[in-house]
Amino acid sequence: MELLGKVRNGNYDIYMYSDGTKIRKNDLDCFIPDKPESLDYKITNKCNIGCKFCHEDSKPDGRHGDIMHDKFIDTLNPYTELAIGGGNPLEHPDLDRFLEKCKKLRLIPNMTVNQVHFVKHFDRIKKLIDDKLIYGLGVSLVSVNDEFLSKVSQLPNAVIHMINGVHDVDDFRKLYDKGLKILILGYKEFRRGKAFYDDVVEFAKQRNYVFLPEIVEHFAVVSFDNLALEQLKVKDMLSDKAWKELYMGGDGQFTMFVDSVEKTFSKSSTTPVEERKPLLDDIKPMFDAVRGE
């Protein structure tokens with residue numbers, strides 16, 4: 001596990017490692033950040049997949065964000081993580097040039113793509129990883145097959161994204177005991193996600209809650225976004241000590257969301273559109289506004 005770097009953020013130090021491990025350290029009883037540790041960064045709303053549950057309502061004719069002119073990027077701390085997504089970020093014409101800029105700024109770009117795009121563009125994605133232009137890769141699961149398993153197993157920092165309610169315990173079982181990493185995402189009931197929600201989704205969520213103790217035993221790493229933590233009541237499974245050691249904080253505490261397409265920012269991607277604020281040139285007042293919500 002290689003140390004990528006160390007940075008002071010507010011009243012504590014952050015240590016970032018090559019496998020995605022992050023450690024916060026200080027001699028106090030709390031961590032108060034000055035800037036976000038990580039940024040959920042939507043760079044495009046263009047995607048040709050048409051997932052029925054897409055909470056971003058991405059479309060084949062969706063617009064790209066003007067990412068080369070988002071000035072706040074230059075004001076981020078070194079080793080800030082960028083969770084780059086869309087839409088399909090691979091379709092953005094400035095993606096490679098933007099990643100080169102991030103490398104010069106010593107940022108840590110991670111990217112999420114759909115399984116269909118992952119398989120189709122595997123060689124390009126692998127080169128981005130080999131060139132250290134992206135570190136972590138999230139792959140949104142569509143279905144389990146041998147080609148997908150072969151390719152995802154070649155990338156040690158790949159994490160399979162599974163949505164609570166879209167995927168149920170039977171989908172998880174198809175991935176058991178293969179040394180894989182997964183991220184369970186909460187189901188977002190807005191935009192197309194609201195129209196798609198039905199009794200089948202609700203039943204799948206209930207099954208995942210019942211079988212969660214089984215699920216976590218069969219993967220190398222299991223992580224959750226905050227919405228999934230709430231929906232699956234993960235805290236109830238852990239001791240107070242384990243929760244304090246593992247929980248990385250609530251939405252807006254160390255993280256925030258930026259939509260480069262609409263030029264807005266907010267606490268998270270679940271923040272209603274009408275409550276999002278216009279993008280600024282400096283990350284500090286943006287993060288202060290998010291933390292003050």
# chains A, B, ... in the order shown; residues from 1 in each chain; ligands from 1

call {"tool": "closest_atom_pairs", "arguments": {"of": "stretch 232-287 of chain A", "to": "stretch 175-187 of chain A", "cutoff": "12 Å", "atoms": "only C-alpha atoms", "output": "CSV"}}
result
residue,atom,partner,partner_atom,distance
A:Leu232,CA,A:Gly186,CA,8.5
A:Lys233,CA,A:Gly186,CA,11.2
A:Val234,CA,A:Ile184,CA,11.2
A:Ser269,CA,A:Gly186,CA,11.8
A:Thr270,CA,A:Tyr187,CA,10.4

call {"tool": "select_by_dssp", "arguments": {"residues": "stretch 67-208 of chain A", "states": "alpha helix (DSSP H)", "output": "PyMOL selection string"}}
result
chain A and resi 95-104+115-120+122-130+146-152+169-173+192-196+199-208

call {"tool": "select_by_dssp", "arguments": {"residues": "stretch 110-241 of chain A", "states": "strand (DSSP E)", "output": "number ranges by chain"}}
result
A: 110-114, 137-140, 158-163, 181-185, 221-224

call {"tool": "residues_around", "arguments": {"residues": "stretch 162-165 of chain A", "least_positions_apart": "4", "cutoff": "9 Å", "atoms": "only C-alpha atoms", "output": "list in words"}}
result
Val139, Ser140, Leu141, Val142, Asp171, Phe172, Ile182, Leu183, Ile184, Leu185, Gly186, Tyr187, Tyr197, Val200, Val201, Glu202, Phe203, Ala204, Lys205, Gln206, Arg207, Asn208, Ala228, Gln231 and Leu232 of chain A

call {"tool": "write_last_selection", "arguments": {"atoms": "N, CA and C atoms", "output": "tab-separated table (two decimals), in the first residue's frame"}}
result
chain	number	residue	atom	x	y	z
A	139	VAL	N	-17.88	0.63	-11.35
A	139	VAL	CA	-18.57	0.04	-12.49
A	139	VAL	C	-19.99	-0.29	-12.07
A	140	SER	N	-20.96	0.39	-12.68
A	140	SER	CA	-22.36	0.16	-12.34
A	140	SER	C	-22.83	-1.14	-12.97
A	141	LEU	N	-23.21	-2.09	-12.13
A	141	LEU	CA	-23.54	-3.44	-12.59
A	141	LEU	C	-24.84	-3.48	-13.38
A	142	VAL	N	-24.79	-4.18	-14.52
A	142	VAL	CA	-25.98	-4.49	-15.29
A	142	VAL	C	-26.32	-5.95	-15.14
A	171	ASP	N	-28.58	-11.17	-6.96
A	171	ASP	CA	-27.52	-10.56	-7.77
A	171	ASP	C	-26.20	-10.55	-7.02
A	172	PHE	N	-26.25	-10.24	-5.73
A	172	PHE	CA	-25.03	-10.26	-4.93
A	172	PHE	C	-24.41	-11.66	-4.92
A	182	ILE	N	-17.26	-4.16	-3.59
A	182	ILE	CA	-18.55	-3.62	-4.01
A	182	ILE	C	-18.89	-2.36	-3.21
A	183	LEU	N	-19.66	-1.50	-3.84
A	183	LEU	CA	-20.24	-0.33	-3.19
A	183	LEU	C	-21.75	-0.43	-3.35
A	184	ILE	N	-22.47	-0.45	-2.23
A	184	ILE	CA	-23.92	-0.49	-2.27
A	184	ILE	C	-24.45	0.93	-2.17
A	185	LEU	N	-25.23	1.31	-3.17
A	185	LEU	CA	-25.79	2.66	-3.25
A	185	LEU	C	-27.26	2.63	-2.86
A	186	GLY	N	-27.70	3.64	-2.15
A	186	GLY	CA	-29.11	3.74	-1.84
A	186	GLY	C	-29.93	4.07	-3.08
A	187	TYR	N	-31.17	3.61	-3.10
A	187	TYR	CA	-32.06	3.90	-4.23
A	187	TYR	C	-32.58	5.33	-4.11
A	197	TYR	N	-39.82	3.31	-9.46
A	197	TYR	CA	-40.01	2.66	-8.16
A	197	TYR	C	-41.37	1.95	-8.10
A	200	VAL	N	-41.71	-4.22	-6.60
A	200	VAL	CA	-40.56	-5.11	-6.82
A	200	VAL	C	-39.30	-4.50	-6.22
A	201	VAL	N	-39.10	-3.21	-6.43
A	201	VAL	CA	-37.95	-2.52	-5.86
A	201	VAL	C	-38.04	-2.55	-4.33
A	202	GLU	N	-39.20	-2.27	-3.79
A	202	GLU	CA	-39.38	-2.28	-2.34
A	202	GLU	C	-39.09	-3.66	-1.76
A	203	PHE	N	-39.57	-4.73	-2.41
A	203	PHE	CA	-39.33	-6.09	-1.93
A	203	PHE	C	-37.84	-6.42	-1.97
A	204	ALA	N	-37.15	-5.99	-3.04
A	204	ALA	CA	-35.71	-6.25	-3.14
A	204	ALA	C	-34.96	-5.54	-2.02
A	205	LYS	N	-35.36	-4.31	-1.70
A	205	LYS	CA	-34.73	-3.59	-0.59
A	205	LYS	C	-34.93	-4.32	0.73
A	206	GLN	N	-36.10	-4.85	0.94
A	206	GLN	CA	-36.38	-5.60	2.17
A	206	GLN	C	-35.53	-6.87	2.26
A	207	ARG	N	-35.39	-7.56	1.13
A	207	ARG	CA	-34.57	-8.78	1.11
A	207	ARG	C	-33.11	-8.45	1.39
A	208	ASN	N	-32.61	-7.37	0.82
A	208	ASN	CA	-31.22	-6.99	1.05
A	208	ASN	C	-30.97	-6.69	2.52
A	228	ALA	N	-27.58	4.39	1.37
A	228	ALA	CA	-27.66	2.95	1.62
A	228	ALA	C	-27.47	2.63	3.10
A	231	GLN	N	-30.92	3.24	4.47
A	231	GLN	CA	-31.93	2.30	4.01
A	231	GLN	C	-31.72	0.90	4.58
A	232	LEU	N	-30.46	0.49	4.72
A	232	LEU	CA	-30.15	-0.86	5.19
A	232	LEU	C	-29.84	-0.93	6.68

call {"tool": "closest_residue", "arguments": {"among": "A:Pro93, A:Gly86, A:Gly138, A:Gly292", "to": "A:Asp259", "atoms": "only C-alpha atoms"}}
result
A:Gly86

call {"tool": "closest_residue", "arguments": {"among": "A:Leu227, A:Leu105, A:Ala158, A:Cys51", "to": "A:Thr75", "atoms": "only C-alpha atoms"}}
result
A:Leu105

call {"tool": "closest_residue", "arguments": {"among": "A:Thr255, A:Thr80, A:Asn88, A:Thr264", "to": "A:Tyr15", "atoms": "only C-alpha atoms"}}
result
A:Thr80

call {"tool": "atom_distance", "arguments": {"atom1": "atom CA of A:Val290", "atom2": "atom CA of A:Leu99"}}
result
25.5 Å

call {"tool": "residues_around", "arguments": {"residues": "A:Leu107", "least_positions_apart": "6", "cutoff": "8 Å", "atoms": "only C-alpha atoms", "output": "PyMOL selection string"}}
result
chain A and resi 77-82

call {"tool": "residues_around", "arguments": {"residues": "A:Leu76", "least_positions_apart": "6", "cutoff": "10 Å", "atoms": "only C-alpha atoms", "output": "list in words"}}
result
Lys35, Pro36, Glu37, Ser38, Leu39, Leu105, Arg106, Leu107, Asp282, Ile283 and Lys284 of chain A

call {"tool": "write_last_selection", "arguments": {"atoms": "N, CA and C atoms", "output": "mmCIF file, in the first residue's frame"}}
result
data_model
loop_
_atom_site.group_PDB
_atom_site.id
_atom_site.type_symbol
_atom_site.label_atom_id
_atom_site.label_comp_id
_atom_site.auth_asym_id
_atom_site.auth_seq_id
_atom_site.Cartn_x
_atom_site.Cartn_y
_atom_site.Cartn_z
ATOM 1 N N LYS A 35 -11.686 22.440 3.730
ATOM 2 C CA LYS A 35 -12.175 22.221 2.370
ATOM 3 C C LYS A 35 -12.660 20.778 2.259
ATOM 4 N N PRO A 36 -13.433 20.444 1.243
ATOM 5 C CA PRO A 36 -13.916 19.058 1.129
ATOM 6 C C PRO A 36 -12.781 18.084 0.855
ATOM 7 N N GLU A 37 -12.902 16.908 1.447
ATOM 8 C CA GLU A 37 -11.944 15.835 1.160
ATOM 9 C C GLU A 37 -12.242 15.187 -0.187
ATOM 10 N N SER A 38 -13.509 15.164 -0.544
ATOM 11 C CA SER A 38 -13.891 14.544 -1.808
ATOM 12 C C SER A 38 -15.075 15.294 -2.414
ATOM 13 N N LEU A 39 -15.183 15.155 -3.726
ATOM 14 C CA LEU A 39 -16.168 15.906 -4.486
ATOM 15 C C LEU A 39 -16.865 14.963 -5.454
ATOM 16 N N LEU A 105 -2.242 18.941 -10.629
ATOM 17 C CA LEU A 105 -2.686 19.541 -9.373
ATOM 18 C C LEU A 105 -2.608 18.573 -8.189
ATOM 19 N N ARG A 106 -2.148 17.343 -8.452
ATOM 20 C CA ARG A 106 -2.046 16.275 -7.443
ATOM 21 C C ARG A 106 -3.410 15.928 -6.831
ATOM 22 N N LEU A 107 -4.443 15.986 -7.646
ATOM 23 C CA LEU A 107 -5.767 15.533 -7.236
ATOM 24 C C LEU A 107 -5.872 14.035 -7.490
ATOM 25 N N ASP A 282 -14.218 29.626 -6.221
ATOM 26 C CA ASP A 282 -13.381 29.179 -5.098
ATOM 27 C C ASP A 282 -14.139 28.115 -4.311
ATOM 28 N N ILE A 283 -13.480 27.023 -3.991
ATOM 29 C CA ILE A 283 -14.145 25.919 -3.290
ATOM 30 C C ILE A 283 -14.479 26.280 -1.846
ATOM 31 N N LYS A 284 -13.702 27.166 -1.219
ATOM 32 C CA LYS A 284 -13.886 27.442 0.212
ATOM 33 C C LYS A 284 -15.273 28.025 0.517
#

call {"tool": "atom_distance", "arguments": {"atom1": "atom CA of A:Thr271", "atom2": "atom CA of A:Phe118"}}
result
28.0 Å

call {"tool": "atom_distance", "arguments": {"atom1": "atom CA of A:Lys104", "atom2": "atom CA of A:Gln253"}}
result
26.6 Å

call {"tool": "residues_around", "arguments": {"residues": "A:Gly62", "least_positions_apart": "5", "cutoff": "7 Å", "atoms": "only C-alpha atoms", "output": "VMD selection string"}}
result
chain A and resid 45 to 47

call {"tool": "residues_around", "arguments": {"residues": "A:Tyr12", "least_positions_apart": "2", "cutoff": "8 Å", "atoms": "only C-alpha atoms", "output": "list in words"}}
result
Arg8, Asn9, Gly10, Ile14, Arg24, Lys25, Asn26, Phe31, Ile32 and Pro33 of chain A

call {"tool": "write_last_selection", "arguments": {"atoms": "N, CA and C atoms", "output": "PDB file, in the first residue's frame"}}
result
ATOM      1  N   ARG A   8      -2.718  18.770   5.088  1.00  0.00           N
ATOM      2  CA  ARG A   8      -3.425  19.340   6.242  1.00  0.00           C
ATOM      3  C   ARG A   8      -4.743  19.911   5.761  1.00  0.00           C
ATOM      4  N   ASN A   9      -5.826  19.573   6.452  1.00  0.00           N
ATOM      5  CA  ASN A   9      -7.143  20.090   6.096  1.00  0.00           C
ATOM      6  C   ASN A   9      -7.861  20.518   7.362  1.00  0.00           C
ATOM      7  N   GLY A  10      -7.889  21.822   7.612  1.00  0.00           N
ATOM      8  CA  GLY A  10      -8.496  22.286   8.857  1.00  0.00           C
ATOM      9  C   GLY A  10      -7.644  21.887  10.048  1.00  0.00           C
ATOM     10  N   ILE A  14      -4.641  14.391   6.558  1.00  0.00           N
ATOM     11  CA  ILE A  14      -5.195  13.300   5.756  1.00  0.00           C
ATOM     12  C   ILE A  14      -4.044  12.559   5.101  1.00  0.00           C
ATOM     13  N   ARG A  24      -7.543   9.771   8.689  1.00  0.00           N
ATOM     14  CA  ARG A  24      -7.539  11.093   9.294  1.00  0.00           C
ATOM     15  C   ARG A  24      -6.822  11.012  10.642  1.00  0.00           C
ATOM     16  N   LYS A  25      -5.997  12.024  10.944  1.00  0.00           N
ATOM     17  CA  LYS A  25      -5.269  12.006  12.211  1.00  0.00           C
ATOM     18  C   LYS A  25      -5.190  13.403  12.825  1.00  0.00           C
ATOM     19  N   ASN A  26      -5.440  13.462  14.134  1.00  0.00           N
ATOM     20  CA  ASN A  26      -5.096  14.624  14.954  1.00  0.00           C
ATOM     21  C   ASN A  26      -5.116  14.185  16.415  1.00  0.00           C
ATOM     22  N   PHE A  31     -12.846  16.187  13.980  1.00  0.00           N
ATOM     23  CA  PHE A  31     -12.192  16.603  12.743  1.00  0.00           C
ATOM     24  C   PHE A  31     -13.028  17.732  12.122  1.00  0.00           C
ATOM     25  N   ILE A  32     -12.407  18.889  11.937  1.00  0.00           N
ATOM     26  CA  ILE A  32     -13.100  20.024  11.340  1.00  0.00           C
ATOM     27  C   ILE A  32     -12.369  20.401  10.051  1.00  0.00           C
ATOM     28  N   PRO A  33     -12.935  20.091   8.900  1.00  0.00           N
ATOM     29  CA  PRO A  33     -12.258  20.358   7.629  1.00  0.00           C
ATOM     30  C   PRO A  33     -12.359  21.823   7.215  1.00  0.00           C
TER      31      PRO A  33
END

call {"tool": "closest_residue", "arguments": {"among": "A:Phe287, A:Phe122, A:Phe196, A:Tyr209", "to": "A:Val258", "atoms": "only C-alpha atoms"}}
result
A:Phe287

call {"tool": "closest_residue", "arguments": {"among": "A:Phe211, A:His55, A:Tyr135, A:Asp130", "to": "A:Ala83", "atoms": "only C-alpha atoms"}}
result
A:Tyr135
